[in-house]
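Visitor: One structure is given below, represented as structure tokens, and several questions about it will come after.
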Amino acid sequence: MNNNNQNLTQWCEHQERISVELRKEHWKLQIGLPYSKEKIGLLETQSKKHGETFLQHWKKPEVLYWEAVGSISGEKTYQLELKLEELRRTKITSIIAGKAINWPTWRQFAASATDQQRKKVFDEFVEKSKSIAPVIHEKFDKETRIFSDYGLEPLSMYCKDHHMSLTVLQKTVRTLASAIKKPFLKQWNEYSKELFGRKPAYYDDLYVLRNKIFSGIQPPHKKPLAIIQEIRNKQGFGKNNIREDAADRPKKYPSPFCSFIKIPTDIRVSYKAEGSINDVTSVLHEYGHAIHASSIRQELPYWIRYNLNEGLAESFSTLYEDLMHNHEFLTDYLGLSHTVAHDLIKRIHFIRMFAIAFYCANSLFKIDYWKKNLSPAQCDKNYAGHIKECMNVNMPGEYWKLHHILPEAMMYVPSYLLAMIRAAELGRNLQNKHGAWWTSASAGQDLRKIMQDGSESPIADFHAPNTDLLIEDLQEQW
Ligand SMILES: [Zn+2]
């Protein structure tokens with residue numbers, strides 16, 4: 001090993017130590033436990049200095065160059081991130097029937113609220129999104145400037161990281177949006193009638209629909225964590241470097257999430273139970289992430305272990321989540337009746353189409369954001385335009401600022417689409433080869449083979465996504 005390589009190894013070891021500590025602090029913040037702003041500040045400063053050291057000595061590996069620039073940008077923007085977190089808790093608020101609702105409790109509230117209450121809160125939150133807008137824009141502006149100082153641009157980085165061209169990305173999004181539009185709108189009308197006795201409305205967002213639509217379906221007797229534990233054992237992923245936080249705390253982040261604190265030895269899952277079938281879906285999804293990260297080989301270089309592009313990162317979570325529309329899994333494994341399973345699958349396919357339409361609109365917005373350098377006012381207008389185009393509903397354009405990913409991540413959202421495409425393909429292959437692959441140790445082995453190589457997994461390559469299988473899969477219910 002020459003000197004330069006040796007130093008790079010040391011640089012990586014230190015980088016991992018700093019980022020593990022940072023993720024631990026953010027984990028506490030996100031699960032609603034006391035955390036130290038001061039410690040985050042100190043770590044961000046260390047991380048920035050360490051990033052500068054990289055930039056003084058190396059240009060490659062390219063992903064570390066990005067990461068080093070990212071830590072410089074992170075140090076300049078983390079306070080804005082924390083401010084956004086706090087403003088969403090304290091300013092995005094409403095009082096319904098004497099009860100305080102804020103952004104973190106919004107989704108839980110929406111699941112049980114009346115139509116009128118939901119509309120009121122939605123409209124109020126849209127109005128109050130003005131209070132978070134400056135922070136969101138300031139953060140993106142700073143990021144843009146810092147990245148461009150180092151010759152980087154978020155949209156091209158995203159494409160390069162996914163091994164795909166912008167043309168292919170745009171084509172993939174447009175193909176999906178137009179393939180599902182007609183059946184999606186038809187079914188949305190039907191389900192709106194069933195659930196609300198009216199036509200679709202802008203305040204019936206994905207997070208409301210995916211709760212309401214399953215409200216008549218009894219969750220299985222098996223508990224979500226027991227279901228996934230059994231799958232892990234049968235597939236040979238039982239080794240325990242995954243832990244979960246299922247407590248309900250008022251300040252806890254509302255969406256379930258998985259944190260790769262240290263790959264592969266410290267992986268954590270957080271979720272808030274909603275008491276519905278969605279709990280099973282969420283647990284399958286987040287554990288899909290966890291199983292993936294905990295299967296990555298410890299011996300790999302730091303950047304190959306950690307630099308998982310977002311399409312790759314979402315592929316295995318989506319694969320496990322997709323079990324929820326597998327008839328055999330639902331009946332033989334979860335013990336649901338054929339009738340319930342059939343109804344559930346129909347509803348899930350509708351929600352998948354809803355998600356595709358929504359993510360397509362979100363993706364087109366994000367692409368425009370970077371490509372056209374949109375001003376704050378243009379953002380809202382552009383967003384409303386894409387929602388109208390993909391979902392045929394008049395959504396207030398400010399809504400994107402109330403979403404959990406759009407105001408935080410530079411891109412991210414197209415990855416859900418890429419992962420759905422990938423998971424449809426993987427699920428089909430596993431089923432053909434192993435039958436009930438969720439109980440199969442040899443399927444577990446096959447999965448480990450494509451999980452263990454970190455960023456060098458063949459799953460990370462999205463140069464030519466094939467949308468056919470996903471569309472075919474959805475078509476079963478058209
Ligand atoms: Zn995910």
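Please note that chains go A, B, ... in the order of the structure tokens, that every chain numbers its residues from 1, and that ligands are numbered from 1 in the order shown.
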Residues at most 8 Å from ligand 1, using only C-alpha atoms and all ligand atoms? Could they come as a compact mmCIF listing (two decimals) with N, CA and C atoms, in the first residue's frame?

Guide:
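So the final result, stored in selection33.txt, reads:
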```
# COMPACT_ATOMS: atom_id res chain seq x y z
N PHE A 257 -38.89 5.36 9.31
CA PHE A 257 -37.63 5.48 8.58
C PHE A 257 -36.59 4.52 9.14
N CYS A 258 -35.55 4.33 8.33
CA CYS A 258 -34.47 3.45 8.74
C CYS A 258 -33.20 4.28 8.71
N HIS A 285 -41.18 -2.43 4.62
CA HIS A 285 -40.37 -1.49 3.85
C HIS A 285 -39.08 -1.13 4.61
N GLU A 286 -39.24 -0.68 5.84
CA GLU A 286 -38.06 -0.21 6.58
C GLU A 286 -37.08 -1.35 6.88
N HIS A 289 -34.84 -2.03 4.00
CA HIS A 289 -33.64 -1.19 4.07
C HIS A 289 -32.62 -1.80 5.03
N ALA A 313 -30.85 2.09 -2.77
CA ALA A 313 -31.26 2.07 -1.36
C ALA A 313 -32.75 1.78 -1.21
N GLU A 314 -33.57 2.23 -2.15
CA GLU A 314 -35.02 1.98 -2.05
C GLU A 314 -35.45 0.65 -2.68
N SER A 317 -36.15 -2.26 0.02
CA SER A 317 -37.30 -1.90 0.87
C SER A 317 -38.59 -2.07 0.06
N THR A 318 -38.55 -1.65 -1.18
CA THR A 318 -39.74 -1.78 -2.03
C THR A 318 -40.05 -3.25 -2.31
N TYR A 416 -37.81 6.58 -5.81
CA TYR A 416 -38.94 5.71 -5.47
C TYR A 416 -39.47 5.02 -6.74
```

Visitor: What lies within 10 Å of Tyr302 in chain A using only C-alpha atoms, ignoring chain neighbours under 4 positions off, as number ranges by chain?

Guide: A: 9, 11-13, 15-16, 64, 263, 298, 306-307, 454

Visitor: Can those selected residues be exported to a file as a PDB file, in the first residue's frame so that it contains C-alpha atoms?

Guide:
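Dumped everything to result_19.pdb:
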```pdb
ATOM      1  CA  THR A   9      -7.741   4.687   4.402  1.00  0.00           C
ATOM      2  CA  TRP A  11      -9.171   9.591   6.136  1.00  0.00           C
ATOM      3  CA  CYS A  12     -12.057   7.161   5.563  1.00  0.00           C
ATOM      4  CA  GLU A  13     -11.823   5.711   9.076  1.00  0.00           C
ATOM      5  CA  GLN A  15     -14.823  10.191   8.242  1.00  0.00           C
ATOM      6  CA  GLU A  16     -16.826   7.152   9.296  1.00  0.00           C
ATOM      7  CA  LEU A  64     -15.727  10.850  -1.804  1.00  0.00           C
ATOM      8  CA  ILE A 263     -22.933  -0.156   8.005  1.00  0.00           C
ATOM      9  CA  GLN A 298     -17.692  -5.105   6.421  1.00  0.00           C
ATOM     10  CA  TYR A 306     -21.846   3.799   2.212  1.00  0.00           C
ATOM     11  CA  ASN A 307     -22.361   5.402  -1.150  1.00  0.00           C
ATOM     12  CA  GLY A 454     -22.600  -1.952  -1.465  1.00  0.00           C
TER      13      GLY A 454
END
```

Visitor: Set the distance at 10 Å and use only C-alpha atoms: which residues neighbour range 114-127 of chain A once local chain neighbours fewer than 5 positions away are removed? I'd like the list as a list of chain:residue names.

Guide: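 That gives A:Arg88, A:Lys91, A:Ile92, A:Thr93, A:Ser94, A:Ile95, A:Ile96, A:Ala97, A:Ile101, A:Asn102, A:Trp103, A:Trp106, A:Phe109, A:Phe196, A:Ala201, A:Tyr202, A:Tyr203, A:Asp204, A:Asp205, A:Val208, A:Pro396, A:Gly397, A:Glu398, A:Tyr399, A:Trp400, A:Lys401, A:Leu402.
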
Visitor: As an NGL selection string, please: the residues near range 21-36 of chain A (cut-off 9 Å, only C-alpha atoms, same-chain neighbours under 2 positions excluded).

Guide: :A and (16-19 or 38-41 or 43-44 or 245 or 247-254 or 259-262 or 268 or 270-271)

Visitor: Let's have the selection written as an mmCIF file, in the first residue's frame, with C-alpha atoms.

Guide:
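selection_19.cif was written with the following content:
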```cif
data_model
loop_
_atom_site.group_PDB
_atom_site.id
_atom_site.type_symbol
_atom_site.label_atom_id
_atom_site.label_comp_id
_atom_site.auth_asym_id
_atom_site.auth_seq_id
_atom_site.Cartn_x
_atom_site.Cartn_y
_atom_site.Cartn_z
ATOM 1 C CA GLU A 16 -16.826 7.152 9.296
ATOM 2 C CA ARG A 17 -16.318 7.965 12.977
ATOM 3 C CA ILE A 18 -17.550 11.536 12.556
ATOM 4 C CA SER A 19 -20.549 10.575 10.456
ATOM 5 C CA GLU A 38 -23.975 21.731 20.452
ATOM 6 C CA LYS A 39 -22.635 18.276 19.673
ATOM 7 C CA ILE A 40 -24.132 18.423 16.176
ATOM 8 C CA GLY A 41 -22.430 21.805 15.726
ATOM 9 C CA LEU A 43 -19.345 17.393 14.611
ATOM 10 C CA GLU A 44 -20.393 19.480 11.613
ATOM 11 C CA ASP A 245 -37.823 2.127 18.074
ATOM 12 C CA ALA A 247 -42.410 4.123 20.850
ATOM 13 C CA ASP A 248 -44.909 6.911 20.295
ATOM 14 C CA ARG A 249 -43.463 10.279 21.312
ATOM 15 C CA PRO A 250 -45.028 13.644 20.477
ATOM 16 C CA LYS A 251 -41.824 14.959 18.908
ATOM 17 C CA LYS A 252 -41.072 11.823 16.941
ATOM 18 C CA TYR A 253 -40.749 12.088 13.175
ATOM 19 C CA PRO A 254 -44.119 10.995 11.711
ATOM 20 C CA SER A 259 -31.108 4.906 9.732
ATOM 21 C CA PHE A 260 -27.842 3.364 8.608
ATOM 22 C CA ILE A 261 -25.940 4.520 11.693
ATOM 23 C CA LYS A 262 -22.985 2.248 10.956
ATOM 24 C CA ARG A 268 -31.993 1.214 13.262
ATOM 25 C CA SER A 270 -38.130 3.923 13.686
ATOM 26 C CA TYR A 271 -41.880 3.852 13.280
#
```

Visitor: For Pro465 in chain A, list every protein, DNA or RNA residue within 8 Å, evaluated using only C-alpha atoms, and leave out those in the same chain fewer than 6 positions away; present the list as JSON, numbers by chain.

Guide: {"A": [172, 418, 421, 422]}

Visitor: Just to be explicit: take each residue in the selection above, keep C-alpha atoms, and write the result as a compact mmCIF listing (two decimals), in the first residue's frame.

Guide:
```txt
# COMPACT_ATOMS: atom_id res chain seq x y z
CA THR A 172 -38.82 6.86 -17.52
CA LEU A 418 -36.68 3.59 -10.06
CA ILE A 421 -39.34 -0.68 -11.39
CA ARG A 422 -36.41 -2.62 -9.94
```

Visitor: May I ask which of the residues A:Ile471, A:Glu138, A:Gln452, A:Leu312 is the closest one to Glu299 in chain A, counting only C-alpha atoms?

Guide: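 The closest residue to Glu299 in chain A is A:Gln452.
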
Visitor: Find the residues near Leu426 in chain A: any atom within 10 Å, counting only C-alpha atoms, skip ones fewer than 4 places away on the same chain, and give them as an NGL selection string.

Guide: :A and (315-316 or 319 or 420-422 or 430-432 or 447 or 459)
